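> Sharing input-v6.cif here; it has mmCIF, C-alpha atoms.
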```cif
data_model
loop_
_atom_site.label_atom_id
_atom_site.label_comp_id
_atom_site.auth_asym_id
_atom_site.auth_seq_id
_atom_site.Cartn_x
_atom_site.Cartn_y
_atom_site.Cartn_z
CA MET A 86 20.04 -16.22 -49.82
CA ARG A 87 17.29 -13.62 -49.44
CA ILE A 88 15.88 -13.09 -45.95
CA GLY A 89 12.86 -10.83 -45.57
CA VAL A 90 12.47 -8.55 -42.56
CA ILE A 91 8.88 -7.39 -42.05
CA THR A 92 8.23 -3.85 -40.85
CA PHE A 93 4.97 -3.14 -39.02
CA PRO A 94 3.72 0.22 -37.73
CA GLY A 95 5.66 0.38 -34.46
CA SER A 96 8.52 -1.96 -35.37
CA LEU A 97 11.81 -0.82 -33.80
CA ASP A 98 14.41 -3.45 -34.50
CA ASP A 99 13.86 -4.11 -38.20
CA VAL A 100 17.02 -2.20 -39.16
CA ASP A 101 19.15 -4.09 -36.64
CA ALA A 102 17.66 -7.38 -37.83
CA ALA A 103 18.47 -6.53 -41.45
CA ARG A 104 22.01 -5.58 -40.41
CA ALA A 105 22.46 -8.91 -38.62
CA VAL A 106 21.25 -10.72 -41.74
CA ARG A 107 23.83 -8.84 -43.82
CA LEU A 108 26.67 -9.48 -41.36
CA ALA A 109 25.85 -13.18 -41.46
CA GLY A 110 26.30 -13.12 -45.23
CA ALA A 111 22.73 -13.12 -46.52
CA GLU A 112 20.76 -10.48 -48.39
CA PRO A 113 18.17 -8.65 -46.26
CA VAL A 114 14.93 -7.76 -48.04
CA ALA A 115 12.68 -5.09 -46.50
CA LEU A 116 9.03 -6.22 -46.46
CA TRP A 117 5.95 -4.16 -45.56
CA HIS A 118 3.22 -5.74 -43.42
CA ALA A 119 0.31 -4.44 -45.46
CA SER A 120 1.45 -5.85 -48.79
CA HIS A 121 0.81 -9.33 -50.09
CA ASP A 122 4.28 -9.67 -51.58
CA LEU A 123 6.93 -11.87 -49.97
CA GLU A 124 9.26 -10.97 -52.86
CA ASP A 125 10.57 -14.51 -53.30
CA VAL A 126 12.45 -14.52 -50.01
CA ASP A 127 13.82 -17.80 -48.67
CA ALA A 128 13.13 -17.03 -45.02
CA VAL A 129 11.53 -14.29 -42.91
CA VAL A 130 12.45 -12.47 -39.71
CA LEU A 131 9.75 -10.74 -37.65
CA PRO A 132 11.57 -8.06 -35.66
CA GLY A 133 11.09 -6.53 -32.24
CA GLY A 134 9.18 -3.41 -31.36
CA PHE A 135 5.62 -2.49 -30.45
CA SER A 136 3.53 -3.25 -33.52
CA TYR A 137 0.22 -1.38 -33.34
CA GLY A 138 1.29 -0.02 -29.95
CA ASP A 139 0.76 -3.49 -28.41
CA TYR A 140 -2.97 -2.62 -28.44
CA LEU A 141 -5.37 -5.46 -27.58
CA ARG A 142 -2.48 -7.86 -26.82
CA ALA A 143 1.18 -7.66 -27.85
CA GLY A 144 1.40 -8.94 -31.43
CA ALA A 145 -2.34 -9.61 -31.73
CA ILE A 146 -3.17 -7.12 -34.45
CA ALA A 147 0.07 -7.63 -36.37
CA ALA A 148 -0.68 -11.36 -36.45
CA ARG A 149 -3.74 -10.54 -38.60
CA ALA A 150 -1.77 -8.37 -41.06
CA PRO A 151 -2.02 -9.44 -44.72
CA LEU A 152 1.65 -10.38 -45.08
CA VAL A 153 1.66 -12.38 -41.83
CA GLN A 154 -1.15 -14.54 -43.18
CA ASP A 155 1.11 -15.25 -46.19
CA VAL A 156 4.00 -16.02 -43.82
CA VAL A 157 1.79 -18.47 -41.91
CA ASP A 158 0.86 -20.26 -45.14
CA ARG A 159 4.47 -20.45 -46.32
CA ALA A 160 5.74 -21.50 -42.87
CA ARG A 161 3.32 -24.43 -42.89
CA GLN A 162 5.03 -25.49 -46.14
CA GLY A 163 8.46 -25.29 -44.48
CA MET A 164 9.70 -21.73 -44.98
CA PRO A 165 11.96 -20.79 -42.04
CA VAL A 166 10.66 -17.96 -39.85
CA LEU A 167 12.36 -16.28 -36.89
CA GLY A 168 10.40 -14.09 -34.50
CA ILE A 169 12.31 -11.88 -32.10
CA CYS A 170 10.58 -10.25 -29.11
CA ASN A 171 7.48 -8.62 -30.65
CA GLY A 172 8.00 -10.98 -33.59
CA PHE A 173 7.78 -13.93 -31.18
CA GLN A 174 4.56 -12.48 -29.78
CA VAL A 175 3.20 -12.22 -33.33
CA LEU A 176 4.08 -15.86 -34.11
CA CYS A 177 2.32 -17.07 -30.96
CA GLU A 178 -0.73 -14.94 -31.74
CA ALA A 179 -0.73 -16.27 -35.31
CA GLY A 180 -0.77 -19.83 -34.00
CA LEU A 181 2.58 -20.83 -35.51
CA LEU A 182 4.15 -21.31 -32.08
CA PRO A 183 2.59 -22.61 -28.85
CA GLY A 184 1.97 -20.54 -25.72
CA ALA A 185 1.61 -16.81 -25.22
CA LEU A 186 3.56 -13.82 -23.91
CA THR A 187 2.04 -11.74 -21.13
CA ARG A 188 2.89 -8.85 -18.81
CA ASN A 189 6.12 -9.47 -16.90
CA GLY A 190 5.57 -11.03 -13.49
CA HIS A 191 7.10 -8.05 -11.69
CA LEU A 192 5.22 -5.61 -13.97
CA HIS A 193 8.44 -3.75 -14.87
CA PHE A 194 10.11 -3.34 -18.23
CA ARG A 195 13.38 -5.28 -18.06
CA ASN A 196 16.42 -4.32 -20.12
CA ARG A 197 19.70 -6.12 -19.51
CA ASP A 198 22.27 -8.51 -20.91
CA GLN A 199 20.92 -12.00 -20.40
CA ALA A 200 22.52 -15.44 -20.27
CA LEU A 201 20.69 -18.12 -22.25
CA ARG A 202 21.12 -21.82 -22.84
CA ILE A 203 20.57 -23.20 -26.33
CA GLU A 204 18.34 -26.23 -25.72
CA ARG A 205 17.87 -27.16 -29.36
CA ALA A 206 20.88 -26.83 -31.69
CA ASP A 207 19.11 -28.58 -34.55
CA THR A 208 16.57 -25.98 -35.67
CA ALA A 209 16.89 -23.86 -38.81
CA TRP A 210 17.87 -20.88 -36.62
CA THR A 211 20.13 -22.50 -34.00
CA ALA A 212 22.24 -24.99 -35.97
CA SER A 213 25.36 -22.82 -35.60
CA TYR A 214 25.34 -23.45 -31.85
CA GLU A 215 26.21 -26.47 -29.75
CA ALA A 216 23.45 -28.03 -27.67
CA ARG A 217 23.50 -26.58 -24.14
CA GLN A 218 25.79 -23.75 -25.27
CA ARG A 219 25.61 -20.65 -23.06
CA ILE A 220 25.24 -17.33 -24.87
CA VAL A 221 24.69 -13.74 -23.70
CA VAL A 222 22.44 -11.35 -25.63
CA PRO A 223 20.28 -8.36 -24.60
CA VAL A 224 16.74 -8.86 -23.37
CA LYS A 225 14.30 -5.92 -23.28
CA ASN A 226 10.60 -6.36 -22.76
CA GLY A 227 7.58 -5.50 -20.67
CA GLU A 228 5.38 -8.34 -21.88
CA GLY A 229 7.80 -11.20 -22.18
CA ARG A 230 6.53 -13.67 -19.63
CA TYR A 231 6.03 -16.96 -21.47
CA VAL A 232 2.89 -18.72 -20.28
CA ALA A 233 0.71 -21.67 -21.17
CA ALA A 234 -1.58 -23.94 -19.22
CA PRO A 235 0.39 -26.52 -17.17
CA ALA A 236 -0.73 -29.42 -19.37
CA ASP A 237 0.34 -27.48 -22.48
CA LEU A 238 3.72 -26.73 -20.90
CA ASP A 239 4.22 -30.43 -20.22
CA ARG A 240 3.43 -31.16 -23.86
CA ILE A 241 5.74 -28.39 -25.12
CA GLU A 242 8.57 -29.72 -22.96
CA GLY A 243 7.80 -33.32 -23.84
CA GLU A 244 7.95 -32.61 -27.55
CA GLY A 245 11.30 -30.83 -27.17
CA ARG A 246 9.83 -27.54 -28.33
CA VAL A 247 11.84 -25.38 -25.89
CA ALA A 248 14.61 -23.93 -28.05
CA VAL A 249 16.20 -21.45 -25.63
CA ARG A 250 16.03 -21.10 -21.85
CA TYR A 251 16.97 -18.31 -19.46
CA VAL A 252 19.87 -19.19 -17.15
CA GLU A 253 21.44 -17.25 -14.26
CA GLY A 254 18.16 -15.45 -13.58
CA ASN A 255 14.75 -15.23 -15.20
CA PRO A 256 14.10 -11.64 -16.36
CA ASN A 257 10.31 -11.68 -16.52
CA GLY A 258 8.81 -14.68 -14.72
CA SER A 259 8.54 -16.85 -17.82
CA MET A 260 7.23 -20.28 -16.89
CA ARG A 261 9.95 -22.92 -16.70
CA ASP A 262 12.50 -20.24 -17.71
CA ILE A 263 11.38 -20.56 -21.33
CA ALA A 264 12.96 -17.84 -23.51
CA GLY A 265 12.15 -19.29 -26.92
CA VAL A 266 10.30 -22.16 -28.58
CA THR A 267 10.32 -23.91 -31.94
CA SER A 268 7.75 -25.40 -34.25
CA GLU A 269 7.55 -29.17 -34.50
CA ASP A 270 9.61 -29.18 -37.70
CA GLY A 271 12.27 -26.83 -36.29
CA ARG A 272 11.73 -24.28 -39.08
CA VAL A 273 9.90 -21.64 -37.04
CA VAL A 274 11.62 -20.26 -33.94
CA GLY A 275 10.58 -17.44 -31.65
CA LEU A 276 12.39 -15.92 -28.68
CA MET A 277 12.06 -12.85 -26.48
CA PRO A 278 15.80 -11.98 -26.20
CA HIS A 279 17.48 -10.07 -29.01
CA PRO A 280 20.24 -11.91 -30.88
CA GLU A 281 20.26 -9.15 -33.53
CA HIS A 282 21.61 -6.74 -30.88
CA ALA A 283 24.62 -8.99 -30.22
CA VAL A 284 26.34 -9.28 -33.58
CA GLU A 285 29.17 -6.71 -33.27
CA ASP A 286 31.65 -6.00 -30.49
CA LEU A 287 31.14 -2.25 -30.80
CA THR A 288 27.46 -2.25 -29.88
CA GLY A 289 26.62 -5.57 -28.26
CA PRO A 290 27.57 -7.39 -25.06
CA SER A 291 28.94 -10.18 -27.27
CA THR A 292 28.67 -11.44 -30.82
CA ASP A 293 26.81 -14.51 -29.59
CA GLY A 294 23.64 -13.55 -31.43
CA LEU A 295 25.12 -13.87 -34.89
CA GLY A 296 24.65 -17.64 -34.76
CA PHE A 297 20.89 -17.31 -35.26
CA PHE A 298 21.54 -15.66 -38.62
CA THR A 299 24.40 -17.89 -39.77
CA SER A 300 22.32 -20.96 -38.83
CA ILE A 301 19.81 -20.26 -41.55
CA LEU A 302 22.61 -20.09 -44.13
CA GLU A 303 23.99 -23.43 -42.96
CA ALA A 304 20.51 -24.89 -43.17
CA ALA A 305 20.24 -23.66 -46.78
CA VAL A 306 23.60 -25.14 -47.74
CA SER A 307 22.83 -28.53 -46.24
CA ALA A 308 19.28 -28.65 -47.64
CA MET B 261 -27.98 0.19 -32.70
CA PRO B 262 -27.60 -3.23 -31.02
CA ARG B 263 -24.72 -3.40 -28.57
CA VAL B 264 -22.80 -6.59 -28.03
CA VAL B 265 -20.59 -6.93 -24.96
CA VAL B 266 -17.56 -9.21 -24.77
CA ASP B 267 -15.71 -9.86 -21.51
CA VAL B 268 -12.25 -11.39 -21.58
CA VAL B 269 -10.33 -12.62 -18.54
CA LEU B 270 -7.20 -14.73 -18.06
CA LYS B 271 -7.87 -18.43 -17.50
CA PRO B 272 -7.77 -19.38 -13.80
CA GLU B 273 -4.53 -21.34 -14.23
CA ILE B 274 -2.67 -18.34 -15.74
CA SER B 275 -1.27 -16.01 -13.10
CA ASP B 276 -2.36 -12.37 -13.26
CA PRO B 277 0.33 -10.04 -11.88
CA GLN B 278 -1.77 -6.96 -12.67
CA GLY B 279 -4.67 -8.30 -10.64
CA GLN B 280 -2.26 -9.16 -7.83
CA ALA B 281 -0.90 -5.60 -7.86
CA VAL B 282 -4.46 -4.27 -7.55
CA LEU B 283 -5.08 -6.70 -4.69
CA GLY B 284 -1.94 -5.42 -2.96
CA ALA B 285 -3.11 -1.82 -3.30
CA LEU B 286 -6.52 -2.74 -1.86
CA GLY B 287 -4.82 -4.31 1.12
CA ARG B 288 -2.78 -1.17 1.72
CA LEU B 289 -6.02 0.84 1.61
CA GLY B 290 -7.52 -1.33 4.33
CA HIS B 291 -9.86 -3.37 2.16
CA ASP B 292 -8.90 -6.65 3.78
CA SER B 293 -12.10 -8.42 2.79
CA VAL B 294 -11.08 -8.65 -0.89
CA ARG B 295 -9.48 -12.05 -1.37
CA SER B 296 -8.62 -12.01 -5.07
CA VAL B 297 -8.60 -9.72 -8.11
CA ARG B 298 -8.55 -10.85 -11.73
CA GLN B 299 -8.14 -8.09 -14.28
CA GLY B 300 -9.67 -8.44 -17.72
CA LYS B 301 -10.97 -6.57 -20.74
CA HIS B 302 -14.47 -5.37 -21.56
CA PHE B 303 -15.43 -4.71 -25.19
CA VAL B 304 -18.61 -2.97 -26.36
CA LEU B 305 -19.41 -3.53 -30.03
CA GLU B 306 -22.15 -1.64 -31.87
CA VAL B 307 -23.32 -3.62 -34.87
CA ASP B 308 -25.64 -2.95 -37.79
CA GLY B 309 -28.83 -4.99 -37.98
CA THR B 310 -29.49 -8.13 -35.99
CA PRO B 311 -26.24 -9.40 -34.45
CA ASP B 312 -25.04 -12.62 -36.05
CA ALA B 313 -24.25 -14.83 -33.06
CA ALA B 314 -21.91 -17.11 -34.98
CA GLU B 315 -19.96 -14.23 -36.45
CA LEU B 316 -19.66 -12.48 -33.08
CA LYS B 317 -18.54 -15.70 -31.42
CA GLN B 318 -15.80 -15.96 -34.03
CA ILE B 319 -14.76 -12.34 -33.48
CA ALA B 320 -14.65 -12.88 -29.72
CA GLU B 321 -12.72 -16.13 -29.85
CA THR B 322 -10.25 -15.36 -32.63
CA LEU B 323 -9.36 -11.70 -32.13
CA LEU B 324 -10.72 -10.19 -28.92
CA ALA B 325 -9.45 -13.10 -26.80
CA ASN B 326 -6.45 -15.37 -27.11
CA PRO B 327 -7.92 -18.81 -26.31
CA VAL B 328 -4.47 -20.09 -25.31
CA ILE B 329 -4.60 -18.02 -22.12
CA GLU B 330 -7.97 -16.28 -21.90
CA ASP B 331 -11.63 -17.15 -21.35
CA VAL B 332 -14.25 -15.12 -23.19
CA GLU B 333 -17.90 -14.37 -22.48
CA LEU B 334 -20.18 -13.07 -25.22
CA HIS B 335 -23.28 -11.10 -24.21
CA LEU B 336 -25.74 -10.64 -27.06
CA PRO B 337 -28.66 -8.17 -26.75
CA THR B 338 -31.60 -9.88 -25.09
CA ASP B 339 -34.46 -7.70 -26.39
#
```
Starting from the file, lay out its structure as structure tokens.

Amino acid sequence: MRIGVITFPGSLDDVDAARAVRLAGAEPVALWHASHDLEDVDAVVLPGGFSYGDYLRAGAIAARAPLVQDVVDRARQGMPVLGICNGFQVLCEAGLLPGALTRNGHLHFRNRDQALRIERADTAWTASYEARQRIVVPVKNGEGRYVAAPADLDRIEGEGRVAVRYVEGNPNGSMRDIAGVTSEDGRVVGLMPHPEHAVEDLTGPSTDGLGFFTSILEAAVSA
Amino acid sequence: MPRVVVDVVLKPEISDPQGQAVLGALGRLGHDSVRSVRQGKHFVLEVDGTPDAAELKQIAETLLANPVIEDVELHLPTD
């Protein structure tokens, strides 16, 4: 299985994301934001970082990049897409996921190991987990506070779109402790924490993050 | 060259921690009469020819502002 990892100007975690893809047993394919070539990949990961310096709004300019427009079109046809941190911000800005990410409530950058609860274990990117499973992966962001209007939050919750929630402390003031959300069809998932930084004992707080990348392989096998 | 101004501010129901931090600083400086601060963005666009209102509305609503969380005001030249 070929999984594309898109690099933008200012991406930081594309190499780690590609490494996580490889450790999970898939083939990572490096993609460049300015091209119009998805190179026949089966799924796409949008990595963390500060695309375009977070100018205008985090993820706003990257969301209008040529390749992201192709990703949006393919995602609407069912291609799985995972957005991590800045990638999540891009997916919200591109309209593939509901809500928005804004400056942390306490205005500080927050970098720590974070406990999460998997709320949806039936998406393309979380099928390796059990529902309500607790995992620990790093979180690191300055604009990670998930927000939406109250009525929209009720709808997002009502439709079961919350994929991952912060537990044991909310690092950035995200409304309703929301750490990640999914598209209606469960093929597109975005989250602020970094599962790609928790795939090896040597460098991560756990290997809990690997499940995001093995999930997509399971989804391919069962499809 | 015609100048078009676009003001963007968070919707009232979205909390604004930056505005609150400014409000806190004002309080510490003794400006107790200020009740609330909402921080936003101010764009000045210089455009060729007569500004196309529909095109500028699209620019304002699809790139300069995120309509999920922000309100936008477009100010076209009046002369």
> If the cut-off is 12 Å, can you tell me the residues of chain A near chain B, counting only C-alpha atoms? I'd like them as an NGL selection string.
:A and (140-149 or 174-175 or 177-180 or 182-193 or 228 or 230-238 or 257-260)
> Evaluate the PyMOL selection byres ((chain B and resi 300) around 7) on the structure here and hand back the selected residues as a list in words.
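What the PyMOL selection byres ((chain B and resi 300) around 7) grabs from the file is Val268, Val269, Leu270, Arg298, Gln299, Lys301 and His302 of chain B.
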> When you count only C-alpha atoms, which of these residues is closest to Leu152 of chain A: A:Ala111, A:Ile203, A:Val224, A:Val90?
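Looking at the shortest contact to Leu152 of chain A, the residue is A:Val90.
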> Name all residues at most 10 Å from Glu215 of chain A (count all atoms listed in the file; drop same-chain ones fewer than 3 positions away) and give them as a PyMOL selection string.
chain A and resi 202-207+211-212+218-219
> Give as a compact mmCIF listing (two decimals) with C-alpha atoms, in the coordinates of the input the residues that the PyMOL selection byres ((chain A and resi 131) around 6) matches when applied to the coordinates above.

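Output file out_22.txt is given in full below:
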```
# COMPACT_ATOMS: atom_id res chain seq x y z
CA ILE A 91 8.88 -7.39 -42.05
CA VAL A 130 12.45 -12.47 -39.71
CA PRO A 132 11.57 -8.06 -35.66
CA GLY A 168 10.40 -14.09 -34.50
CA GLY A 172 8.00 -10.98 -33.59
```
> Any chance you could work out the axis-aligned box around segment 266-271 of chain B, listed atoms only, 4 Å on each side, giving centre and edge lengths in Å to one decimal, as JSON?

```
{"center_x": -12.4, "center_y": -13.8, "center_z": -21.1, "size_x": 18.4, "size_y": 17.2, "size_z": 15.3}
```
> Running the PyMOL selection byres ((chain A and resi 292-302) around 8) on this model by hand, what would come out? Give it as a compact mmCIF listing (two decimals) with C-alpha atoms, in the coordinates of the input.

```
# COMPACT_ATOMS: atom_id res chain seq x y z
CA MET A 86 20.04 -16.22 -49.82
CA ALA A 105 22.46 -8.91 -38.62
CA VAL A 106 21.25 -10.72 -41.74
CA LEU A 108 26.67 -9.48 -41.36
CA ALA A 109 25.85 -13.18 -41.46
CA GLY A 110 26.30 -13.12 -45.23
CA ALA A 111 22.73 -13.12 -46.52
CA PRO A 165 11.96 -20.79 -42.04
CA ALA A 209 16.89 -23.86 -38.81
CA TRP A 210 17.87 -20.88 -36.62
CA THR A 211 20.13 -22.50 -34.00
CA ALA A 212 22.24 -24.99 -35.97
CA SER A 213 25.36 -22.82 -35.60
CA TYR A 214 25.34 -23.45 -31.85
CA ILE A 220 25.24 -17.33 -24.87
CA VAL A 221 24.69 -13.74 -23.70
CA VAL A 222 22.44 -11.35 -25.63
CA HIS A 279 17.48 -10.07 -29.01
CA PRO A 280 20.24 -11.91 -30.88
CA GLU A 281 20.26 -9.15 -33.53
CA HIS A 282 21.61 -6.74 -30.88
CA ALA A 283 24.62 -8.99 -30.22
CA VAL A 284 26.34 -9.28 -33.58
CA GLU A 285 29.17 -6.71 -33.27
CA ASP A 286 31.65 -6.00 -30.49
CA GLY A 289 26.62 -5.57 -28.26
CA PRO A 290 27.57 -7.39 -25.06
CA SER A 291 28.94 -10.18 -27.27
CA GLU A 303 23.99 -23.43 -42.96
CA ALA A 304 20.51 -24.89 -43.17
CA ALA A 305 20.24 -23.66 -46.78
CA VAL A 306 23.60 -25.14 -47.74
```
> Using only C-alpha atoms, can you tell me which of B:Met261, B:Leu283, B:Ala313, B:Val304 comes closest to Leu336 of chain B?
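Of B:Met261, B:Leu283, B:Ala313, B:Val304, the one nearest Leu336 of chain B, counting only C-alpha atoms, is B:Ala313.
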> Please measure the separation of atom CA of Asp262 of chain A and atom CA of Val249 of chain A, giving the value in Å to one decimal.
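Atom CA of Val249 of chain A lies at a distance of 8.8 Å from atom CA of Asp262 of chain A.
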> Considering all atoms listed in the file, can you say which of A:Pro223, A:His121, A:Thr92, A:Val126 comes closest to Thr288 of chain A?
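Ranking A:Pro223, A:His121, A:Thr92, A:Val126 by distance to Thr288 of chain A, first place goes to A:Pro223.
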> One number please: atom CA of Trp117 of chain A to atom CA of Val273 of chain A, in Å, one decimal.
19.8 Å
> Considering all atoms listed in the file, return as a PyMOL selection string whatever protein or nucleic-acid residues lie within 12 Å of Gly284 of chain B, sequence-local ones (same chain, fewer than 5 positions apart) excluded.
chain B and resi 277-279+289-292+294-297
> Pick the closest to Arg272 of chain A from A:Asp99, A:Leu123, A:Gln162, A:Ser136: which is it, counting only C-alpha atoms?
A:Gln162
> From the set A:Pro94, A:Gly275, A:Glu112, A:Phe194, which residue has the shortest atom-to-atom contact distance to Ala128 of chain A, counting only C-alpha atoms?
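The answer is A:Glu112, which sits nearest to Ala128 of chain A.
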